[in-house]
$ cat target-v5.cif   # mmCIF, C-alpha atoms
data_final
#
loop_
_atom_site.label_atom_id
_atom_site.label_comp_id
_atom_site.auth_asym_id
_atom_site.auth_seq_id
_atom_site.Cartn_x
_atom_site.Cartn_y
_atom_site.Cartn_z
CA MET A 1 111.67 77.89 88.31
CA ASP A 2 111.18 79.74 91.58
CA THR A 3 107.58 80.71 92.29
CA ALA A 4 106.67 83.92 90.51
CA ALA A 5 105.55 86.89 92.58
CA PHE A 6 102.16 88.53 93.14
CA LEU A 7 102.80 92.20 93.94
CA ILE A 8 99.98 94.29 95.39
CA THR A 9 100.43 98.06 95.26
CA VAL A 10 98.09 100.44 97.07
CA ASP A 11 98.15 104.13 96.20
CA THR A 12 97.56 105.25 99.77
CA GLU A 13 96.00 108.68 99.58
CA GLY A 14 93.09 110.89 100.66
CA ASP A 15 89.40 110.32 100.10
CA ASN A 16 87.96 110.64 96.59
CA LEU A 17 90.68 112.83 95.12
CA TRP A 18 88.96 112.47 91.73
CA ALA A 19 86.52 115.13 93.00
CA ARG A 20 89.39 117.60 93.54
CA PRO A 21 88.42 118.41 97.15
CA ARG A 22 89.57 121.69 98.68
CA THR A 23 90.00 119.97 102.03
CA VAL A 24 91.45 116.46 101.84
CA THR A 25 90.20 113.92 104.36
CA THR A 26 91.67 110.50 105.19
CA ARG A 27 88.75 108.46 106.49
CA ASN A 28 89.70 105.61 104.18
CA ALA A 29 92.56 104.73 106.54
CA GLU A 30 89.92 103.20 108.81
CA TYR A 31 88.97 100.72 106.08
CA LEU A 32 92.43 99.35 105.38
CA PRO A 33 92.42 96.59 108.05
CA ARG A 34 89.74 94.66 106.13
CA PHE A 35 91.89 94.70 103.01
CA GLN A 36 95.02 93.78 104.94
CA SER A 37 93.23 90.85 106.57
CA LEU A 38 92.15 89.51 103.19
CA CYS A 39 95.71 89.81 101.88
CA GLU A 40 97.07 87.95 104.90
CA LYS A 41 94.50 85.19 104.44
CA TYR A 42 96.18 84.43 101.11
CA GLY A 43 99.77 85.12 102.20
CA LEU A 44 99.96 88.37 100.23
CA LYS A 45 102.01 91.38 101.29
CA PRO A 46 100.76 94.77 100.06
CA THR A 47 103.03 97.73 99.46
CA TYR A 48 101.28 100.88 100.69
CA LEU A 49 102.63 103.72 98.55
CA THR A 50 101.88 106.62 100.85
CA ASN A 51 101.33 110.30 100.13
CA TRP A 52 101.48 113.39 102.34
CA GLU A 53 98.03 113.46 103.93
CA MET A 54 98.09 109.76 104.75
CA ALA A 55 101.59 110.04 106.20
CA ARG A 56 100.14 112.65 108.60
CA SER A 57 97.08 110.53 109.50
CA ASP A 58 97.23 109.11 113.05
CA VAL A 59 95.03 106.22 111.98
CA PHE A 60 97.25 105.29 109.05
CA GLN A 61 100.41 105.74 111.11
CA SER A 62 99.15 103.20 113.65
CA PHE A 63 98.07 100.83 110.89
CA GLY A 64 101.34 101.14 108.97
CA ARG A 65 103.52 100.58 112.03
CA ASP A 66 101.60 97.41 112.84
CA VAL A 67 102.01 96.14 109.26
CA LEU A 68 105.75 96.77 109.43
CA ALA A 69 106.15 95.27 112.90
CA ARG A 70 104.49 92.04 111.80
CA GLY A 71 106.36 91.89 108.49
CA VAL A 72 103.14 91.61 106.46
CA GLY A 73 103.58 94.58 104.15
CA GLU A 74 105.71 97.54 103.14
CA ILE A 75 105.44 101.31 103.30
CA GLY A 76 106.61 103.14 100.19
CA MET A 77 106.26 106.66 98.80
CA HIS A 78 103.60 108.25 96.60
CA LEU A 79 103.73 111.98 95.85
CA HIS A 80 100.96 114.37 94.85
CA ALA A 81 102.86 117.48 93.93
CA TRP A 82 100.13 120.07 94.51
CA ASN A 83 99.74 119.43 98.25
CA SER A 84 103.11 117.95 99.20
CA PRO A 85 105.52 120.41 100.84
CA PRO A 86 107.27 122.61 100.21
CA ILE A 87 104.08 124.15 98.80
CA VAL A 88 104.81 126.38 95.80
CA ALA A 89 101.90 127.48 93.62
CA LEU A 90 102.33 126.35 90.03
CA THR A 91 98.94 127.35 88.59
CA GLY A 92 96.18 129.74 89.54
CA ASP A 93 94.37 126.88 91.31
CA ASP A 94 96.53 123.86 92.09
CA ASP A 95 93.74 122.06 93.97
CA ARG A 96 91.65 122.15 90.82
CA TYR A 97 94.32 121.32 88.25
CA ALA A 98 96.45 118.89 90.34
CA PRO A 99 99.65 119.61 88.40
CA TYR A 100 102.12 116.81 87.79
CA LEU A 101 105.37 116.81 89.73
CA ILE A 102 107.27 116.66 86.45
CA GLU A 103 105.79 120.08 85.57
CA TYR A 104 107.61 121.78 88.46
CA PRO A 105 111.13 123.22 88.12
CA PRO A 106 113.76 120.52 88.77
CA GLU A 107 114.91 121.93 92.11
CA GLN A 108 111.34 122.10 93.43
CA LEU A 109 110.79 118.54 92.24
CA ARG A 110 113.86 117.39 94.16
CA GLN A 111 112.82 119.27 97.28
CA LYS A 112 109.38 117.67 97.29
CA VAL A 113 110.86 114.19 96.87
CA ARG A 114 113.36 114.86 99.65
CA VAL A 115 110.79 116.21 102.13
CA MET A 116 108.29 113.42 101.44
CA THR A 117 110.99 110.79 101.84
CA GLN A 118 112.27 112.23 105.12
CA THR A 119 108.73 112.51 106.49
CA LEU A 120 107.94 108.86 105.78
CA GLU A 121 111.26 107.60 107.10
CA GLU A 122 110.95 109.58 110.32
CA THR A 123 107.32 108.54 110.78
CA PHE A 124 107.77 104.82 110.21
CA GLY A 125 111.42 104.31 111.13
CA VAL A 126 112.36 102.46 107.93
CA LYS A 127 114.22 103.34 104.74
CA MET A 128 111.97 104.18 101.81
CA LEU A 129 112.81 101.92 98.88
CA SER A 130 109.65 101.77 96.75
CA HIS A 131 107.82 104.55 94.93
CA ARG A 132 105.00 105.38 92.55
CA ALA A 133 104.50 108.81 90.99
CA GLY A 134 101.29 110.70 91.62
CA ARG A 135 98.95 110.64 88.63
CA TRP A 136 101.37 108.19 86.96
CA SER A 137 103.67 111.03 85.77
CA PHE A 138 107.37 110.19 85.61
CA ASN A 139 110.47 111.31 83.75
CA GLU A 140 114.27 111.23 83.86
CA THR A 141 114.59 114.14 86.32
CA TYR A 142 112.18 112.41 88.66
CA ALA A 143 114.09 109.12 88.37
CA GLY A 144 117.30 110.95 89.25
CA ALA A 145 115.68 112.45 92.35
CA LEU A 146 114.63 108.98 93.48
CA MET A 147 118.20 107.77 93.08
CA GLU A 148 119.47 110.70 95.13
CA ASN A 149 117.18 109.65 97.97
CA GLY A 150 118.10 105.98 97.97
CA TYR A 151 115.10 104.42 96.23
CA ARG A 152 115.54 101.10 94.50
CA ILE A 153 112.09 100.42 93.01
CA ASP A 154 109.68 102.49 90.94
CA CYS A 155 106.30 101.25 89.71
CA SER A 156 104.95 104.29 87.84
CA VAL A 157 105.03 102.82 84.33
CA THR A 158 101.67 101.82 82.82
CA PRO A 159 102.58 100.00 79.58
CA HIS A 160 100.27 100.55 76.60
CA VAL A 161 98.79 103.64 78.29
CA SER A 162 99.36 107.31 77.44
CA TRP A 163 98.40 110.07 79.86
CA LYS A 164 99.28 112.89 77.49
CA PHE A 165 95.60 113.87 77.13
CA CYS A 166 95.20 114.13 80.92
CA LYS A 167 96.12 117.69 81.80
CA GLY A 168 97.87 118.84 84.93
CA ALA A 169 98.84 122.49 84.60
CA PRO A 170 96.58 124.05 81.94
CA ALA A 171 99.58 125.24 79.96
CA GLY A 172 101.39 121.93 80.33
CA ARG A 173 101.76 119.06 77.90
CA GLY A 174 99.86 116.49 79.92
CA GLY A 175 101.11 113.29 81.50
CA THR A 176 103.62 110.67 80.44
CA ASP A 177 103.09 108.55 77.34
CA TYR A 178 103.94 104.92 78.22
CA SER A 179 102.56 103.46 74.99
CA HIS A 180 105.85 101.88 74.00
CA PHE A 181 107.42 101.15 77.39
CA PRO A 182 108.31 97.59 78.43
CA GLU A 183 105.67 95.40 80.05
CA SER A 184 108.11 93.63 82.36
CA ALA A 185 110.73 94.54 84.94
CA TYR A 186 113.85 96.41 83.86
CA PHE A 187 116.60 98.50 85.42
CA LEU A 188 116.15 102.07 84.22
CA ASP A 189 118.35 103.99 81.86
CA LEU A 190 118.43 107.32 83.68
CA SER A 191 118.85 109.17 80.38
CA ASP A 192 115.79 107.46 78.86
CA ILE A 193 113.35 105.81 81.27
CA SER A 194 111.61 103.98 78.42
CA ARG A 195 114.50 101.55 78.01
CA PRO A 196 116.64 99.22 80.15
CA GLY A 197 119.92 100.61 81.43
CA ALA A 198 122.64 100.20 84.01
CA SER A 199 121.16 102.09 86.99
CA PRO A 200 120.23 100.25 90.22
CA LEU A 201 116.68 101.66 90.02
CA LEU A 202 114.34 98.81 89.10
CA GLU A 203 111.16 99.60 87.21
CA LEU A 204 108.25 97.25 87.95
CA PRO A 205 105.49 98.23 85.51
CA VAL A 206 101.91 97.62 86.53
CA THR A 207 100.53 94.48 84.88
CA ILE A 208 98.64 95.74 81.83
CA LEU A 209 98.26 93.37 78.91
CA GLY A 210 97.33 94.16 75.35
CA THR A 211 94.02 92.76 74.11
CA ARG A 212 93.06 91.33 70.74
CA ARG A 213 93.19 93.46 67.63
CA TYR A 214 89.89 94.83 66.35
CA PRO A 215 88.60 94.90 62.75
CA ARG A 216 90.25 97.41 60.45
CA VAL A 217 87.27 99.77 60.53
CA VAL A 218 87.55 100.06 64.32
CA GLU A 219 91.29 100.70 64.11
CA THR A 220 90.64 103.38 61.48
CA VAL A 221 88.12 105.16 63.69
CA ARG A 222 90.43 104.84 66.69
CA LYS A 223 93.26 106.46 64.75
CA SER A 224 91.04 109.28 63.49
CA LEU A 225 90.01 110.12 67.06
CA SER A 226 93.47 109.82 68.58
CA GLY A 227 93.96 113.59 68.65
CA SER A 228 90.81 114.18 70.68
CA PHE A 229 90.68 113.76 74.46
CA TYR A 230 86.99 112.78 74.51
CA GLY A 231 87.33 110.66 71.40
CA THR A 232 90.20 108.76 72.94
CA ILE A 233 88.28 108.16 76.17
CA ALA A 234 85.20 106.95 74.27
CA MET A 235 87.20 104.50 72.16
CA ARG A 236 89.03 103.14 75.21
CA ARG A 237 85.70 102.39 76.87
CA LEU A 238 84.02 100.89 73.82
CA PHE A 239 87.01 99.06 72.36
CA PRO A 240 89.74 98.67 74.99
CA ASP A 241 93.15 97.76 73.64
CA HIS A 242 94.58 96.74 77.01
CA GLN A 243 93.49 95.29 80.34
CA TRP A 244 94.72 96.36 83.77
CA LEU A 245 95.22 94.17 86.79
CA MET A 246 93.20 96.72 88.74
CA PRO A 247 89.69 95.98 90.07
CA ASN A 248 87.03 98.37 88.82
CA GLY A 249 83.84 96.61 89.92
CA SER A 250 83.09 94.95 86.59
CA ASN A 251 86.29 93.26 85.43
CA ARG A 252 86.62 90.08 87.51
CA ALA A 253 86.70 87.86 84.43
CA GLN A 254 89.33 90.04 82.76
CA MET A 255 91.57 89.99 85.85
CA LEU A 256 91.36 86.21 86.04
CA GLN A 257 92.27 86.06 82.35
CA ILE A 258 95.32 88.23 83.04
CA VAL A 259 96.46 85.86 85.79
CA GLU A 260 96.06 82.88 83.48
CA SER A 261 97.89 84.63 80.63
CA ALA A 262 100.74 85.57 82.97
CA ARG A 263 100.96 81.98 84.19
CA ARG A 264 101.10 80.61 80.64
CA GLN A 265 103.74 83.16 79.67
CA GLN A 266 105.76 82.29 82.80
CA ARG A 267 105.99 85.92 83.82
CA PRO A 268 108.19 86.43 86.88
CA TYR A 269 105.59 88.66 88.53
CA ILE A 270 102.14 90.17 88.27
CA GLU A 271 101.38 93.54 89.84
CA MET A 272 97.93 94.68 90.92
CA ALA A 273 97.17 98.33 91.64
CA ILE A 274 94.36 99.84 93.71
CA HIS A 275 93.73 103.10 95.58
CA SER A 276 93.21 103.05 99.33
CA SER A 277 90.12 105.25 98.93
CA GLU A 278 88.53 102.63 96.66
CA LEU A 279 88.24 100.40 99.73
CA MET A 280 85.81 102.80 101.44
CA PRO A 281 82.17 103.35 100.46
CA GLY A 282 82.01 106.72 98.73
CA GLY A 283 85.77 107.04 98.65
CA SER A 284 85.83 106.87 94.86
CA PRO A 285 83.46 107.15 91.90
CA ARG A 286 83.71 103.41 91.20
CA PHE A 287 82.59 102.19 94.62
CA PRO A 288 79.98 104.59 96.01
CA THR A 289 78.14 102.26 98.42
CA SER A 290 78.71 99.47 100.93
CA GLU A 291 77.17 97.06 98.44
CA THR A 292 79.70 97.97 95.76
CA ILE A 293 82.51 97.54 98.29
CA ASP A 294 81.23 94.07 99.17
CA ARG A 295 81.21 93.17 95.48
CA LEU A 296 84.75 94.50 95.20
CA TYR A 297 85.82 92.16 98.00
CA ASP A 298 84.12 89.26 96.22
CA ASP A 299 86.22 90.10 93.16
CA LEU A 300 89.38 90.41 95.23
CA GLU A 301 88.74 87.06 96.91
CA ALA A 302 88.32 85.38 93.53
CA LEU A 303 91.46 87.06 92.18
CA PHE A 304 93.59 86.22 95.21
CA ALA A 305 92.41 82.61 95.30
CA SER A 306 93.29 82.18 91.63
CA ALA A 307 96.58 84.06 91.67
CA THR A 308 98.05 82.36 94.74
CA ARG A 309 97.86 78.98 93.05
CA HIS A 310 100.80 80.08 90.92
CA PHE A 311 102.18 83.34 92.36
CA ARG A 312 103.70 84.04 95.77
CA GLY A 313 103.01 87.23 97.69
CA ARG A 314 105.93 89.64 98.06
CA THR A 315 106.37 93.34 98.77
CA LEU A 316 108.13 95.38 96.11
CA SER A 317 111.37 95.53 98.07
CA GLU A 318 111.23 91.78 98.80
CA TYR A 319 110.91 91.14 95.09
CA TYR A 320 113.85 93.42 94.39
CA HIS A 321 116.10 91.76 96.98
CA HIS A 322 115.02 88.25 96.07
CA GLN A 323 115.80 88.76 92.42
CA THR A 324 118.96 90.83 92.68
CA CYS A 325 120.49 88.63 95.38
CA GLY A 326 119.29 85.43 93.73
CA ASN A 327 118.69 84.96 90.06
CA ALA A 328 119.06 88.27 88.23
CA ALA A 329 118.54 86.57 84.88
CA GLU A 330 115.03 85.59 85.93
CA LEU A 331 114.26 89.23 86.69
CA ALA A 332 115.36 90.35 83.25
CA ARG A 333 113.42 87.67 81.38
CA GLY A 334 111.12 89.54 79.06
CA GLY A 335 112.34 92.86 80.37
CA SER A 336 113.35 94.21 76.99
CA ALA A 337 110.06 93.31 75.34
CA ARG A 338 108.26 96.43 74.23
CA GLY A 339 104.63 97.12 75.00
#
$ encode --input "target-v5.cif" --output "structure tokens"
Amino acid sequence: MDTAAFLITVDTEGDNLWARPRTVTTRNAEYLPRFQSLCEKYGLKPTYLTNWEMARSDVFQSFGRDVLARGVGEIGMHLHAWNSPPIVALTGDDDRYAPYLIEYPPEQLRQKVRVMTQTLEETFGVKMLSHRAGRWSFNETYAGALMENGYRIDCSVTPHVSWKFCKGAPAGRGGTDYSHFPESAYFLDLSDISRPGASPLLELPVTILGTRRYPRVVETVRKSLSGSFYGTIAMRRLFPDHQWLMPNGSNRAQMLQIVESARRQQRPYIEMAIHSSELMPGGSPRFPTSETIDRLYDDLEALFASATRHFRGRTLSEYYHHQTCGNAAELARGGSARG
């Protein structure tokens, strides 16, 4: 079997957007070279999924062009609807509510995708092929807009995870429920993005594995609280039912377990996700200080050292081309398995 792939995706966006800033800054672009150097040490090739403010950052533009020129990474698209042009107010305070792109009228959705795509392609001089939705919100209309603009890879799906309790517009229905989406790669059905289909748009879900089942009493409590936002959050923290391949400052052991599980299961890829702002002290709630950033890099070093024993670094588009031009059956292996 050909060496499986280690895909690194970076949501490349402004500083500490969790705080809902009125003015978005992009200082975290200055901290990306350290991360890129660590990736290159292990032969890994990040895909920087880039949103509006980072696309306009001189520092990130210089960084991204160097990455592309040296062939050590990829620039893709990431879209935060509330501050990505054309700007059309959806709520009384879009900066506060951060509405999902899927909550906008279809034509506005398409316009935002088109403008963001053109901006990135003109800035970096390459075709945009890879994408992740802002705030993980995705639907069939959105998938169609990606197709219209020539995308070939999406990585918005978070199997086992529902975002329906995370509000965008106050009157909206929340984010996308991925609870029963596939865990592995599949070509999307454009009429139902939860299932494999015949489109050329490849879905590469983030690596999120289910954990062990808990005693019946825990499952009963979990079910009773499933209609409550705060109850759901509390149960996820106390009794998680899935594990992300995403560093959070306290999950090194869990990430190494995911790598080992993926190796044993002979998965064709693993996909890590991180935000660019999490690489800067104070750029996110999880990593507020230089010391926490140093511990993050210790975790990343351990993860990369373990993963590269069995998985080879590729960008998202390299994975797509390798699999579709080589062994398509390998890509589809496990693709119809439900989360």
$ resolve_selection --input "target-v5.cif" --expression "the PyMOL selection byres ((chain A and resi 185) around 6)" --output "ChimeraX atom specification"
/A:184,186,203-204,335
$ resolve_selection --input "target-v5.cif" --expression "the PyMOL selection byres ((chain A and resi 256) around 9)" --output "list of chain:residue names"
A:Leu245, A:Asn251, A:Arg252, A:Ala253, A:Gln254, A:Met255, A:Gln257, A:Ile258, A:Val259, A:Glu260, A:Ser261, A:Ala302, A:Leu303, A:Ser306, A:Ala307
$ closest_residue --input "target-v5.cif" --among "A:Leu44, A:Ala305, A:Leu190, A:Leu38" --to "Phe6 in chain A" --atoms "only C-alpha atoms"
A:Leu44
$ residues_around --input "target-v5.cif" --residues "Pro159 in chain A" --least-positions-apart "3" --cutoff "10 Å" --atoms "all atoms listed in the file" --output "list of chain:residue names"
A:Ser156, A:Ser162, A:Asp177, A:Tyr178, A:Ser179, A:His180, A:Phe181, A:Pro182, A:Glu183, A:Ser184, A:Ser194, A:Pro205, A:Val206, A:Thr207, A:Ile208, A:Leu209, A:Gly210, A:His242, A:Trp244, A:Arg338, A:Gly339
$ atom_distance --input "target-v5.cif" --atom1 "CA of Thr50 in chain A" --atom2 "CA of Glu122 in chain A"
13.4 Å
$ resolve_selection --input "target-v5.cif" --expression "the PyMOL selection byres ((chain A and resi 21) around 12)" --output "list in words"
Gly14, Asp15, Asn16, Leu17, Trp18, Ala19, Arg20, Arg22, Thr23, Val24, Thr25, Thr26, Asn83, Asp93, Asp94, Asp95, Arg96, Tyr97, Ala98 and Gly283 of chain A
$ closest_residue --input "target-v5.cif" --among "A:Glu301, A:Asp154, A:Asp66, A:Glu318" --to "Lys41 in chain A" --atoms "only C-alpha atoms"
A:Glu301
$ residues_around --input "target-v5.cif" --residues "Ala198 in chain A" --least-positions-apart "5" --cutoff "7 Å" --atoms "only C-alpha atoms" --output "ChimeraX atom specification"
/A:187-189
$ axis_aligned_box --input "target-v5.cif" --around "range 263-268 of chain A" --padding-each-side "5 Å" --output "JSON"
{"center_x": 104.6, "center_y": 83.5, "center_z": 83.3, "size_x": 17.2, "size_y": 15.8, "size_z": 17.2}
$ decode --input "target-v5.cif" --residues "range 169-204 of chain A" --atoms "C-alpha atoms" --output "PDB file, in the first residue's frame"
ATOM      1  CA  ALA A 169     -27.907  34.859  13.187  1.00  0.00           C
ATOM      2  CA  PRO A 170     -30.116  35.027  16.309  1.00  0.00           C
ATOM      3  CA  ALA A 171     -33.166  33.969  14.313  1.00  0.00           C
ATOM      4  CA  GLY A 172     -31.273  31.218  12.505  1.00  0.00           C
ATOM      5  CA  ARG A 173     -31.211  27.487  13.120  1.00  0.00           C
ATOM      6  CA  GLY A 174     -27.559  27.242  14.084  1.00  0.00           C
ATOM      7  CA  GLY A 175     -24.742  25.449  12.324  1.00  0.00           C
ATOM      8  CA  THR A 176     -24.512  22.183  10.426  1.00  0.00           C
ATOM      9  CA  ASP A 177     -25.135  18.845  12.128  1.00  0.00           C
ATOM     10  CA  TYR A 178     -22.404  16.409  11.016  1.00  0.00           C
ATOM     11  CA  SER A 179     -23.301  13.718  13.546  1.00  0.00           C
ATOM     12  CA  HIS A 180     -23.929  11.085  10.906  1.00  0.00           C
ATOM     13  CA  PHE A 181     -21.556  12.163   8.135  1.00  0.00           C
ATOM     14  CA  PRO A 182     -18.765   9.857   6.917  1.00  0.00           C
ATOM     15  CA  GLU A 183     -15.426   9.856   8.721  1.00  0.00           C
ATOM     16  CA  SER A 184     -13.379   9.264   5.574  1.00  0.00           C
ATOM     17  CA  ALA A 185     -12.942  10.837   2.155  1.00  0.00           C
ATOM     18  CA  TYR A 186     -15.831  10.808  -0.306  1.00  0.00           C
ATOM     19  CA  PHE A 187     -16.922  12.630  -3.443  1.00  0.00           C
ATOM     20  CA  LEU A 188     -19.949  14.728  -2.571  1.00  0.00           C
ATOM     21  CA  ASP A 189     -23.505  14.201  -3.673  1.00  0.00           C
ATOM     22  CA  LEU A 190     -24.431  17.804  -4.465  1.00  0.00           C
ATOM     23  CA  SER A 191     -28.065  17.112  -3.567  1.00  0.00           C
ATOM     24  CA  ASP A 192     -27.108  15.687  -0.151  1.00  0.00           C
ATOM     25  CA  ILE A 193     -23.630  16.511   1.160  1.00  0.00           C
ATOM     26  CA  SER A 194     -23.909  13.852   3.877  1.00  0.00           C
ATOM     27  CA  ARG A 195     -23.463  11.028   1.380  1.00  0.00           C
ATOM     28  CA  PRO A 196     -21.083  10.002  -1.426  1.00  0.00           C
ATOM     29  CA  GLY A 197     -22.062  10.989  -4.946  1.00  0.00           C
ATOM     30  CA  ALA A 198     -20.793  11.532  -8.458  1.00  0.00           C
ATOM     31  CA  SER A 199     -19.513  15.123  -8.264  1.00  0.00           C
ATOM     32  CA  PRO A 200     -15.783  15.905  -8.664  1.00  0.00           C
ATOM     33  CA  LEU A 201     -15.791  17.761  -5.315  1.00  0.00           C
ATOM     34  CA  LEU A 202     -13.886  15.654  -2.800  1.00  0.00           C
ATOM     35  CA  GLU A 203     -14.785  15.930   0.864  1.00  0.00           C
ATOM     36  CA  LEU A 204     -11.879  15.336   3.260  1.00  0.00           C
TER      37      LEU A 204
END
